[in-house]
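Coordinates from protein16.txt are shown below (compact mmCIF, C-alpha atoms).
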# COMPACT_ATOMS: atom_id res chain seq x y z
CA MET A 2 -26.93 -14.51 -93.00
CA MET A 3 -25.01 -17.65 -93.93
CA PRO A 4 -26.54 -20.95 -92.84
CA ARG A 5 -25.39 -22.53 -89.62
CA LYS A 6 -24.07 -26.07 -89.81
CA TYR A 7 -26.65 -27.10 -87.18
CA ASP A 8 -30.33 -26.65 -86.43
CA LYS A 9 -30.90 -23.40 -84.51
CA LYS A 10 -33.31 -25.33 -82.24
CA LEU A 11 -30.21 -26.81 -80.55
CA LEU A 12 -29.57 -23.39 -78.96
CA THR A 13 -32.94 -23.66 -77.19
CA ASP A 14 -32.15 -27.23 -76.14
CA ILE A 15 -28.91 -26.09 -74.48
CA ILE A 16 -30.86 -23.61 -72.34
CA LYS A 17 -33.55 -26.16 -71.47
CA LYS A 18 -31.05 -28.76 -70.27
CA GLN A 19 -28.43 -26.59 -68.53
CA LYS A 20 -27.91 -27.09 -64.78
CA ASN A 21 -26.08 -25.43 -61.90
CA GLU A 22 -23.86 -27.62 -59.71
CA VAL A 23 -21.36 -26.83 -56.95
CA VAL A 24 -17.92 -28.35 -57.60
CA ASP A 25 -14.99 -27.61 -55.26
CA ASP A 26 -16.78 -24.57 -53.81
CA VAL A 27 -17.55 -23.18 -57.28
CA THR A 28 -21.11 -22.86 -58.57
CA ILE A 29 -20.83 -23.95 -62.19
CA LEU A 30 -23.43 -23.67 -64.92
CA PHE A 31 -23.02 -26.88 -66.93
CA LYS A 32 -24.11 -26.49 -70.54
CA PRO A 33 -25.01 -29.84 -72.14
CA ILE A 34 -24.37 -31.31 -75.54
CA PRO A 35 -27.83 -30.43 -76.85
CA ASP A 36 -28.35 -33.65 -78.82
CA CYS A 37 -26.44 -36.22 -76.75
CA ASP A 38 -26.97 -37.25 -73.12
CA ILE A 39 -24.10 -39.75 -72.75
CA LYS A 40 -21.91 -38.91 -69.75
CA GLY A 41 -18.37 -37.90 -70.74
CA ALA A 42 -19.10 -38.02 -74.48
CA MET A 43 -17.54 -35.73 -77.04
CA ASP A 44 -19.88 -33.47 -79.00
CA PRO A 45 -20.95 -35.46 -82.09
CA ARG A 46 -19.82 -32.68 -84.46
CA LEU A 47 -16.34 -32.71 -82.92
CA TYR A 48 -16.18 -36.48 -82.74
CA LYS A 49 -16.87 -36.70 -86.46
CA GLU A 50 -13.71 -34.62 -87.01
CA MET A 51 -11.58 -36.33 -84.38
CA LYS A 52 -12.31 -40.04 -84.76
CA ASN A 53 -10.21 -40.58 -87.90
CA MET A 54 -7.29 -38.71 -86.37
CA ALA A 55 -7.69 -40.80 -83.23
CA LEU A 56 -7.56 -44.02 -85.27
CA LEU A 57 -4.27 -42.92 -86.83
CA THR A 58 -2.70 -42.62 -83.39
CA LYS A 59 -2.89 -46.40 -83.05
CA PHE A 60 0.03 -46.55 -85.46
CA MET A 61 2.00 -43.57 -84.16
CA PRO A 62 4.76 -43.68 -81.53
CA LYS A 63 3.68 -42.03 -78.29
CA ARG A 64 6.46 -39.41 -78.55
CA MET A 65 4.86 -38.09 -81.77
CA MET A 66 1.57 -37.41 -80.01
CA ASN A 67 2.94 -34.81 -77.60
CA MET A 68 3.08 -31.19 -78.70
CA LYS A 69 6.68 -30.04 -78.42
CA MET A 70 7.37 -26.40 -77.66
CA ASP A 71 10.55 -25.75 -79.63
CA MET A 72 11.61 -23.54 -82.53
CA LYS A 73 11.49 -26.47 -84.95
CA SER A 74 7.78 -26.98 -84.23
CA LEU A 75 6.89 -23.28 -84.51
CA PRO A 76 5.81 -23.17 -88.20
CA LYS A 77 3.54 -26.21 -87.78
CA LEU A 78 2.01 -24.85 -84.58
CA ARG A 79 1.46 -21.42 -86.12
CA LYS A 80 -0.30 -22.95 -89.10
CA MET A 81 -2.64 -24.78 -86.74
CA PHE A 82 -3.30 -21.77 -84.46
CA ASN A 83 -3.78 -19.38 -87.42
CA SER A 84 -6.50 -21.51 -88.97
CA VAL A 85 -9.92 -19.84 -89.26
CA ASP A 86 -12.34 -22.58 -88.17
CA SER A 87 -15.57 -20.59 -88.03
CA THR A 88 -18.16 -19.91 -90.69
CA PRO A 89 -19.72 -16.43 -91.01
CA ILE A 90 -23.32 -16.40 -89.82
CA ILE A 91 -23.38 -12.58 -89.71
CA GLU A 92 -22.53 -11.15 -93.13
CA GLU A 93 -24.25 -7.78 -93.01
CA GLY A 94 -24.90 -5.06 -90.46
CA VAL A 95 -21.55 -5.14 -88.64
CA LYS A 96 -18.69 -3.15 -90.11
CA VAL A 97 -15.01 -3.54 -89.30
CA ILE A 98 -12.98 -0.32 -89.01
CA PRO A 99 -9.16 -0.62 -88.95
CA ASP A 100 -7.03 1.69 -86.83
CA PHE A 101 -3.75 1.45 -84.92
CA VAL A 102 -2.26 1.89 -81.47
CA THR A 103 1.19 3.46 -81.20
CA ALA A 104 3.45 1.44 -78.89
CA ALA A 105 6.11 3.03 -76.69
CA ASP A 106 8.78 2.13 -79.29
CA GLY A 107 6.73 3.73 -82.08
CA PHE A 108 5.41 0.49 -83.59
CA LYS A 109 1.88 0.81 -84.97
CA ILE A 110 -0.19 -2.07 -83.58
CA PRO A 111 -3.23 -2.93 -85.74
CA ILE A 112 -6.56 -2.67 -83.92
CA TYR A 113 -10.04 -3.20 -85.34
CA CYS A 114 -13.41 -1.82 -84.28
CA PHE A 115 -16.56 -3.89 -84.83
CA LYS A 116 -19.79 -1.92 -84.74
CA GLN A 117 -23.23 -1.46 -86.25
CA ASP A 118 -24.15 1.81 -87.95
CA LYS A 119 -25.99 3.03 -84.85
CA PRO A 120 -24.73 1.40 -81.63
CA VAL A 121 -26.81 1.87 -78.49
CA VAL A 122 -26.14 5.22 -76.83
CA ASP A 123 -22.91 5.09 -74.79
CA ALA A 124 -22.45 1.48 -75.86
CA PRO A 125 -20.52 -0.89 -73.61
CA VAL A 126 -17.16 -1.81 -75.13
CA LEU A 127 -15.78 -5.32 -75.57
CA TYR A 128 -12.00 -5.48 -76.00
CA PHE A 129 -11.21 -9.01 -77.19
CA ILE A 130 -7.63 -10.36 -77.19
CA HIS A 131 -7.14 -13.43 -79.37
CA GLY A 132 -5.36 -16.57 -78.22
CA GLY A 133 -2.67 -18.62 -79.96
CA GLY A 134 -0.03 -19.48 -77.37
CA PHE A 135 1.45 -15.94 -77.54
CA PHE A 136 3.12 -16.96 -80.84
CA GLY A 137 0.13 -17.45 -83.17
CA GLY A 138 -3.48 -16.56 -83.89
CA SER A 139 -4.92 -13.29 -85.14
CA THR A 140 -8.03 -11.15 -85.07
CA ASP A 141 -9.22 -13.13 -88.14
CA VAL A 142 -9.68 -16.24 -85.98
CA VAL A 143 -12.26 -14.52 -83.74
CA THR A 144 -13.86 -12.13 -86.25
CA ASP A 145 -17.03 -14.20 -86.66
CA ALA A 146 -17.46 -14.41 -82.89
CA LEU A 147 -17.10 -10.66 -82.49
CA LYS A 148 -19.52 -9.93 -85.34
CA LEU A 149 -22.06 -12.22 -83.69
CA ILE A 150 -21.70 -10.57 -80.26
CA VAL A 151 -22.05 -7.10 -81.80
CA ALA A 152 -25.06 -8.20 -83.88
CA ASN A 153 -26.73 -9.67 -80.77
CA THR A 154 -26.12 -6.71 -78.43
CA ASN A 155 -25.37 -3.62 -80.57
CA ILE A 156 -22.33 -2.87 -78.40
CA VAL A 157 -18.94 -1.78 -79.78
CA ALA A 158 -16.06 -4.29 -79.92
CA PHE A 159 -12.34 -4.00 -80.55
CA SER A 160 -9.67 -6.59 -81.22
CA ILE A 161 -5.92 -6.13 -81.46
CA ASP A 162 -3.18 -7.86 -83.46
CA TYR A 163 -0.49 -7.58 -80.79
CA ARG A 164 3.09 -8.53 -81.63
CA LEU A 165 3.86 -12.23 -81.32
CA ALA A 166 6.69 -14.19 -79.74
CA PRO A 167 9.38 -15.36 -80.30
CA GLU A 168 10.21 -12.50 -82.69
CA HIS A 169 8.92 -10.14 -80.00
CA PRO A 170 9.78 -11.63 -76.59
CA TYR A 171 7.82 -11.13 -73.38
CA PRO A 172 6.62 -8.65 -72.27
CA THR A 173 6.15 -7.03 -75.72
CA GLY A 174 2.81 -8.71 -76.53
CA HIS A 175 1.49 -8.12 -73.01
CA GLU A 176 2.42 -4.44 -73.13
CA ASP A 177 0.89 -4.09 -76.60
CA CYS A 178 -2.42 -5.36 -75.21
CA TYR A 179 -2.29 -3.03 -72.22
CA ASN A 180 -1.51 -0.11 -74.52
CA GLY A 181 -4.54 -1.20 -76.53
CA LEU A 182 -6.73 -0.97 -73.43
CA LYS A 183 -5.53 2.56 -72.68
CA TRP A 184 -6.01 3.55 -76.33
CA ILE A 185 -9.60 2.24 -76.26
CA HIS A 186 -10.30 4.26 -73.10
CA GLU A 187 -9.07 7.38 -74.89
CA ASN A 188 -10.78 6.66 -78.25
CA ALA A 189 -13.94 4.65 -77.50
CA SER A 190 -16.26 7.64 -77.64
CA ARG A 191 -15.44 8.46 -81.28
CA PHE A 192 -16.73 4.98 -82.20
CA GLY A 193 -19.87 5.36 -80.07
CA GLY A 194 -18.50 3.43 -77.09
CA ASP A 195 -18.51 4.34 -73.40
CA PRO A 196 -14.94 4.57 -72.03
CA ASN A 197 -16.30 3.87 -68.54
CA ASN A 198 -17.78 0.52 -69.57
CA ILE A 199 -14.86 -1.44 -71.03
CA PHE A 200 -15.00 -5.24 -70.76
CA VAL A 201 -11.75 -7.05 -71.55
CA ALA A 202 -11.90 -10.60 -72.87
CA GLY A 203 -9.59 -13.23 -74.27
CA ASP A 204 -9.31 -16.92 -75.00
CA SER A 205 -6.47 -19.25 -73.97
CA ALA A 206 -3.26 -17.13 -74.10
CA GLY A 207 -5.61 -14.20 -74.70
CA GLY A 208 -7.12 -14.95 -71.30
CA ASN A 209 -3.67 -14.50 -69.77
CA LEU A 210 -3.28 -11.21 -71.65
CA THR A 211 -6.72 -10.14 -70.41
CA LEU A 212 -5.71 -10.72 -66.80
CA TYR A 213 -2.49 -8.79 -67.42
CA CYS A 214 -4.52 -5.79 -68.64
CA THR A 215 -6.82 -5.92 -65.61
CA ASN A 216 -3.99 -6.36 -63.11
CA LYS A 217 -1.90 -3.55 -64.63
CA SER A 218 -4.92 -1.24 -64.71
CA LEU A 219 -5.50 -1.92 -61.00
CA GLU A 220 -1.81 -1.44 -60.15
CA ASP A 221 -1.69 1.84 -62.04
CA LYS A 222 -4.87 3.00 -60.22
CA LEU A 223 -6.59 3.52 -63.59
CA ASN A 224 -9.45 1.04 -63.02
CA LEU A 225 -10.22 0.90 -66.73
CA VAL A 226 -11.85 -2.55 -66.66
CA LYS A 227 -15.56 -2.79 -65.84
CA GLY A 228 -15.58 -6.56 -66.24
CA GLN A 229 -13.48 -9.35 -67.70
CA LEU A 230 -14.29 -12.48 -69.67
CA ILE A 231 -11.72 -15.25 -69.71
CA LEU A 232 -12.24 -18.24 -71.98
CA TYR A 233 -10.19 -21.36 -71.09
CA PRO A 234 -7.34 -19.07 -69.99
CA THR A 235 -3.67 -19.86 -69.48
CA VAL A 236 -3.21 -19.06 -65.78
CA ASN A 237 -0.57 -21.47 -64.45
CA MET A 238 2.49 -21.44 -66.70
CA GLY A 239 4.71 -21.51 -63.62
CA GLY A 240 3.35 -24.92 -62.65
CA ILE A 241 1.99 -24.20 -59.17
CA ASP A 242 0.96 -27.53 -57.68
CA ASP A 243 -1.89 -27.64 -55.19
CA GLU A 244 -4.91 -29.89 -54.80
CA HIS A 245 -7.16 -27.56 -56.82
CA VAL A 246 -4.88 -26.95 -59.79
CA ARG A 247 -3.10 -30.33 -60.00
CA PHE A 248 -3.68 -32.05 -63.35
CA SER A 249 -5.21 -35.51 -63.19
CA LYS A 250 -7.18 -37.55 -65.70
CA ASP A 251 -9.42 -38.55 -62.79
CA LYS A 252 -10.92 -35.04 -62.94
CA PHE A 253 -12.34 -35.68 -66.42
CA ASP A 254 -15.42 -37.69 -67.37
CA ILE A 255 -14.43 -39.71 -70.45
CA TYR A 256 -16.87 -41.88 -72.39
CA LYS A 257 -15.03 -45.18 -72.93
CA LYS A 258 -16.11 -45.65 -76.55
CA GLN A 259 -14.60 -42.26 -77.42
CA ALA A 260 -11.64 -42.41 -75.05
CA ARG A 261 -9.00 -42.47 -77.79
CA ALA A 262 -10.33 -39.26 -79.37
CA ILE A 263 -10.82 -37.46 -76.05
CA ASN A 264 -7.43 -38.51 -74.70
CA LEU A 265 -5.78 -37.36 -77.91
CA SER A 266 -6.51 -33.70 -77.21
CA LEU A 267 -5.76 -34.05 -73.50
CA ASP A 268 -2.43 -35.83 -74.04
CA MET A 269 -1.20 -33.67 -76.91
CA LEU A 270 -1.72 -30.41 -75.08
CA SER A 271 -1.58 -31.17 -71.36
CA GLY A 272 1.59 -29.68 -69.91
CA ALA A 273 2.23 -27.65 -73.06
CA THR A 274 1.79 -24.29 -71.35
CA ASP A 275 4.82 -24.78 -69.10
CA GLY A 276 6.96 -24.91 -72.28
CA LEU A 277 5.79 -21.53 -73.55
CA GLY A 278 8.82 -19.83 -72.00
CA VAL A 279 10.81 -21.08 -75.00
CA TYR A 280 8.74 -18.86 -77.28
CA LEU A 281 8.26 -16.00 -74.82
CA GLY A 282 12.01 -15.77 -74.33
CA THR A 283 11.89 -16.09 -70.55
CA GLN A 284 12.14 -18.84 -67.98
CA ASP A 285 10.71 -16.57 -65.28
CA LEU A 286 7.24 -18.07 -65.62
CA LEU A 287 6.49 -18.00 -61.90
CA ASN A 288 5.37 -14.39 -61.71
CA LYS A 289 1.87 -12.99 -61.29
CA TYR A 290 1.60 -11.91 -64.93
CA LEU A 291 2.47 -15.21 -66.60
CA THR A 292 1.04 -17.25 -63.70
CA PRO A 293 -1.90 -15.13 -62.51
CA TYR A 294 -3.15 -18.08 -60.46
CA MET A 295 -0.50 -17.24 -57.85
CA ASP A 296 -1.89 -13.81 -56.98
CA VAL A 297 -5.62 -13.15 -57.32
CA SER A 298 -6.76 -9.70 -56.22
CA SER A 299 -10.02 -9.10 -54.38
CA GLU A 300 -10.28 -5.90 -56.46
CA MET A 301 -10.90 -7.85 -59.65
CA PRO A 302 -14.04 -6.70 -61.49
CA PRO A 303 -16.96 -9.07 -62.21
CA THR A 304 -15.54 -12.01 -64.14
CA PHE A 305 -16.97 -14.45 -66.68
CA VAL A 306 -15.11 -17.77 -66.84
CA THR A 307 -15.75 -20.57 -69.32
CA VAL A 308 -14.02 -23.82 -70.27
CA GLY A 309 -14.80 -27.07 -72.04
CA GLU A 310 -15.36 -30.35 -70.20
CA HIS A 311 -12.46 -31.99 -72.03
CA ASP A 312 -10.12 -28.99 -72.22
CA PHE A 313 -6.59 -29.66 -70.93
CA LEU A 314 -6.86 -26.25 -69.21
CA LYS A 315 -10.12 -27.12 -67.43
CA ILE A 316 -8.54 -27.86 -64.07
CA GLU A 317 -6.51 -24.66 -63.82
CA THR A 318 -9.40 -22.61 -65.20
CA LEU A 319 -11.82 -23.85 -62.54
CA ALA A 320 -9.12 -23.50 -59.86
CA TYR A 321 -8.70 -19.85 -60.89
CA ALA A 322 -12.48 -19.32 -60.76
CA ARG A 323 -12.44 -20.80 -57.27
CA LYS A 324 -9.76 -18.32 -56.17
CA LEU A 325 -11.80 -15.43 -57.55
CA ILE A 326 -14.83 -16.61 -55.58
CA MET A 327 -12.75 -17.07 -52.40
CA GLN A 328 -11.68 -13.43 -52.83
CA GLY A 329 -15.31 -12.32 -53.07
CA VAL A 330 -15.20 -11.49 -56.77
CA ASP A 331 -18.54 -11.68 -58.60
CA THR A 332 -17.81 -14.69 -60.83
CA THR A 333 -19.89 -16.46 -63.49
CA THR A 334 -18.54 -19.91 -64.37
CA ILE A 335 -19.72 -21.98 -67.34
CA VAL A 336 -18.52 -25.45 -68.43
CA TYR A 337 -19.51 -26.75 -71.86
CA LYS A 338 -19.90 -30.51 -71.84
CA GLY A 339 -18.47 -32.47 -74.73
CA LEU A 340 -16.07 -29.72 -75.84
CA GLY A 341 -12.33 -29.28 -75.60
CA HIS A 342 -10.27 -26.16 -76.31
CA ALA A 343 -10.86 -23.09 -78.51
CA TYR A 344 -14.62 -23.32 -79.11
CA ILE A 345 -15.15 -19.57 -79.52
CA ASP A 346 -13.29 -20.13 -82.83
CA ARG A 347 -16.05 -22.48 -84.06
CA ILE A 348 -18.93 -20.06 -84.64
CA GLY A 349 -21.36 -21.54 -87.16
CA PHE A 350 -20.14 -25.10 -86.60
CA LEU A 351 -20.94 -25.71 -82.92
CA PRO A 352 -24.19 -24.56 -81.29
CA GLN A 353 -22.29 -24.23 -78.00
CA SER A 354 -19.98 -21.64 -79.63
CA GLU A 355 -22.97 -19.50 -80.50
CA ASP A 356 -24.40 -20.03 -77.02
CA CYS A 357 -21.07 -18.85 -75.54
CA ALA A 358 -21.18 -15.68 -77.66
CA ILE A 359 -24.73 -15.06 -76.41
CA GLU A 360 -23.68 -15.60 -72.77
CA MET A 361 -20.76 -13.20 -73.21
CA GLY A 362 -23.09 -10.52 -74.54
CA ASN A 363 -25.55 -11.12 -71.69
CA PHE A 364 -22.74 -10.80 -69.12
CA ILE A 365 -21.63 -7.46 -70.56
CA LEU A 366 -25.17 -6.05 -70.66
CA LYS A 367 -25.81 -7.25 -67.10
CA HIS A 368 -22.70 -5.61 -65.64
CA ARG A 369 -22.59 -2.33 -67.54
CA SER A 370 -23.23 0.72 -65.37

Write-out of the structure in structure tokens:
Amino acid sequence: MMPRKYDKKLLTDIIKKQKNEVVDDVTILFKPIPDCDIKGAMDPRLYKEMKNMALLTKFMPKRMMNMKMDMKSLPKLRKMFNSVDSTPIIEEGVKVIPDFVTAADGFKIPIYCFKQDKPVVDAPVLYFIHGGGFFGGSTDVVTDALKLIVANTNIVAFSIDYRLAPEHPYPTGHEDCYNGLKWIHENASRFGGDPNNIFVAGDSAGGNLTLYCTNKSLEDKLNLVKGQLILYPTVNMGGIDDEHVRFSKDKFDIYKKQARAINLSLDMLSGATDGLGVYLGTQDLLNKYLTPYMDVSSEMPPTFVTVGEHDFLKIETLAYARKLIMQGVDTTTIVYKGLGHAYIDRIGFLPQSEDCAIEMGNFILKHRS
């Protein structure tokens, strides 16, 4: 094992200090910053990274602080979203086996299996779909998270490198991911996995792709998804505006001494998702696949939802969790205090990232049949 960049005792402290609260009809498990009790503060490990960047914004025009969704910005955004920001804490015991899924047009989509030499008998299967705004990211970004989950649970995991926009417009990437789900159902057993216990997961845009897979599976009467795990998902690209999903800074606790750093991530990314149509090649964002918030089925399987306290997607994420609960769906909701977006990518750097991987594994083991 490689050393973590934090004391492992912080994982225990998270559990000791976590609390359930009801917010807007949703029972939320709030996970604390393990070594800071200041309300609205940023995690000290993140703040160390962000404070210098925040100081620079004093001298930058406001227009330069907003993330523009246009073709000119694509290379810069891809570089940022393709960055591997984790450190391997599992180096041995989990092997990665490459394979491919054949798309309807004959394209061979890379897919990877993560497993130990001897998974548990009829192992539950985690199918993880990476984020990256539909135009970036890769399996590499979440490899350390998947290795950790497999090491903790001895389940079998898969991740897919679906085709990215804008070179492959919507719905290519979505259909690639759904084809991946069907391929896993057909092939899981040869890797030691149980095709009747598939859990689909994804972060950010990958959360949207996860919901697409579940919804399509329900529509096609296949019922391939035993449970789903959505991490700070993109669920409201169409910009539905109601009291639960409406963005407002008043819905965020922000520690005044760190306000510049916290607001930097909120201001740069808030509203960015409604510009993703430029990359996806469609302006029809108000449909139930790109805006799953508009149509939440009561047939959804048990769902794990997590988001950071300072994530620009927090409001729509919790609003989606609320809709699931209103539909009677068994829903687990976790908010990590002091964090923003994309923390599953920070394995080895943030204790909360490791805690999230543990919670994901626990959810899968709890809901397997």

Please return the centre and edge lengths, in Å to one decimal, of a box with edges along x, y and z that contains all listed atoms of segment 12-19 of chain A, widened by 3 Å on every side, as AutoDock Vina command-line options.
--center_x -31.0 --center_y -26.1 --center_z -73.7 --size_x 11.1 --size_y 11.4 --size_z 16.4

(request) Quote the spacing between atom CA of Thr304 of chain A and atom CA of Ile161 of chain A in Å to one decimal place. (result) 20.7 Å

(request) Return the single residue from A:Gly138, A:Gly181, A:Gly228, A:Pro167 that is closest to Asp204 of chain A, with distances computed using only C-alpha atoms. (result)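 Distance minimum relative to Asp204 of chain A lands on A:Gly138.
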
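Among the candidates A:Asn197, A:Asp221, A:Phe31, A:Tyr48, the one nearest to Thr333 of chain A when counting all atoms listed in the file is A:Phe31.
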
At most 6 Å is the cut-off: for each residue in segment 110-223 of chain A with any atom that close to an atom of segment 77-97 of chain A, write down the nearest atom pair and the distance in Å rounded to one decimal, counting all atoms listed in the file, chain first then increasing number, as a tab-separated table.
residue	atom	partner	partner_atom	distance
A:Cys114	CA	A:Val97	CA	5.5
A:Phe115	CA	A:Val97	CA	4.7
A:Lys116	CA	A:Val95	CA	5.4
A:Gln117	CA	A:Val95	CA	4.7
A:Gly133	CA	A:Phe82	CA	5.5
A:Gly137	CA	A:Arg79	CA	5.1
A:Gly138	CA	A:Asn83	CA	4.5
A:Val142	CA	A:Val85	CA	4.9
A:Asp145	CA	A:Pro89	CA	5.6

Close residues, Val121 of chain A itself excluded, 9 Å, all atoms listed in the file, min 2 positions apart in chain, as a PDB file with C-alpha atoms, in the coordinates of the input:
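Resulting contents of around.pdb:
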ATOM      1  CA  LYS A 119     -25.990   3.030 -84.850  1.00  0.00           C
ATOM      2  CA  ASP A 123     -22.910   5.090 -74.790  1.00  0.00           C
ATOM      3  CA  ALA A 124     -22.450   1.480 -75.860  1.00  0.00           C
ATOM      4  CA  PRO A 125     -20.520  -0.890 -73.610  1.00  0.00           C
ATOM      5  CA  THR A 154     -26.120  -6.710 -78.430  1.00  0.00           C
ATOM      6  CA  ASN A 155     -25.370  -3.620 -80.570  1.00  0.00           C
ATOM      7  CA  ILE A 156     -22.330  -2.870 -78.400  1.00  0.00           C
ATOM      8  CA  VAL A 157     -18.940  -1.780 -79.780  1.00  0.00           C
ATOM      9  CA  GLY A 193     -19.870   5.360 -80.070  1.00  0.00           C
ATOM     10  CA  GLY A 194     -18.500   3.430 -77.090  1.00  0.00           C
TER      11      GLY A 194
END

(request) Identify which of the residues A:Leu210, A:Ile255, A:Thr144, A:Thr103 lies closest to Lys183 of chain A, counting only C-alpha atoms when measuring atom-to-atom distances. (result) A:Thr103

(request) Considering all atoms listed in the file, return as a PyMOL selection string whatever protein or nucleic-acid residues lie within 12 Å of segment 15-24 of chain A, sequence-local ones (same chain, fewer than 3 positions apart) excluded. (result) chain A and resi 9-12+27-38+245+252+316+319-320+322-323+333-338+351-357+359-360

(message) Could you tell me how far atom CA of Gly107 of chain A sits from atom CA of Leu127 of chain A, in Å to one decimal place?
(response)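 Taking atom CA of Leu127 of chain A and atom CA of Gly107 of chain A, their separation equals 25.1 Å.
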
(request) Go through A:Leu165, A:Ile110, A:Val246, A:Leu287 one by one, measure the shortest atom-to-atom distance of each to Asp275 of chain A using only C-alpha atoms, and give the residue with the smallest value. (result)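 Using only C-alpha atoms, the shortest distance to Asp275 of chain A belongs to A:Leu287.
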
(message) So, with only C-alpha atoms as the atoms that count, which of A:Asp251, A:Asp141, A:Glu244, A:Asp8 lies closest to Glu317 of chain A?
(response) A:Glu244

(message) Please determine, counting all atoms listed in the file, which residue among A:Ile231, A:Val236, A:Lys40, A:Asp100 has the shortest atom-to-atom distance to Trp184 of chain A.
(response)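 Residue with the minimum atom-to-atom distance to Trp184 of chain A: A:Asp100.
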
(request) Using only C-alpha atoms, determine which residues lie at most 10 Å from segment 260-266 of chain A, disregarding the query and same-chain residues fewer than 4 positions distant; provide the list as number ranges by chain. (result) A: 41-43, 47-56, 58-59, 66-67, 250, 253-256, 270-271, 311-313, 339-342

(request) Excluding Tyr163 of chain A and residues on its chain fewer than 2 positions from it, collect all residues at most 10 Å away from it, counting all atoms listed in the file, and give them as a PyMOL selection string. (result) chain A and resi 102+109-112+130-131+135+138-140+160-161+165-166+169+173-181

(request) Go ahead and compute the interatomic distance for atom CA of Gly329 of chain A and atom CA of Glu300 of chain A, in Å to one decimal. (result)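 Atom CA of Glu300 of chain A lies at a distance of 8.8 Å from atom CA of Gly329 of chain A.
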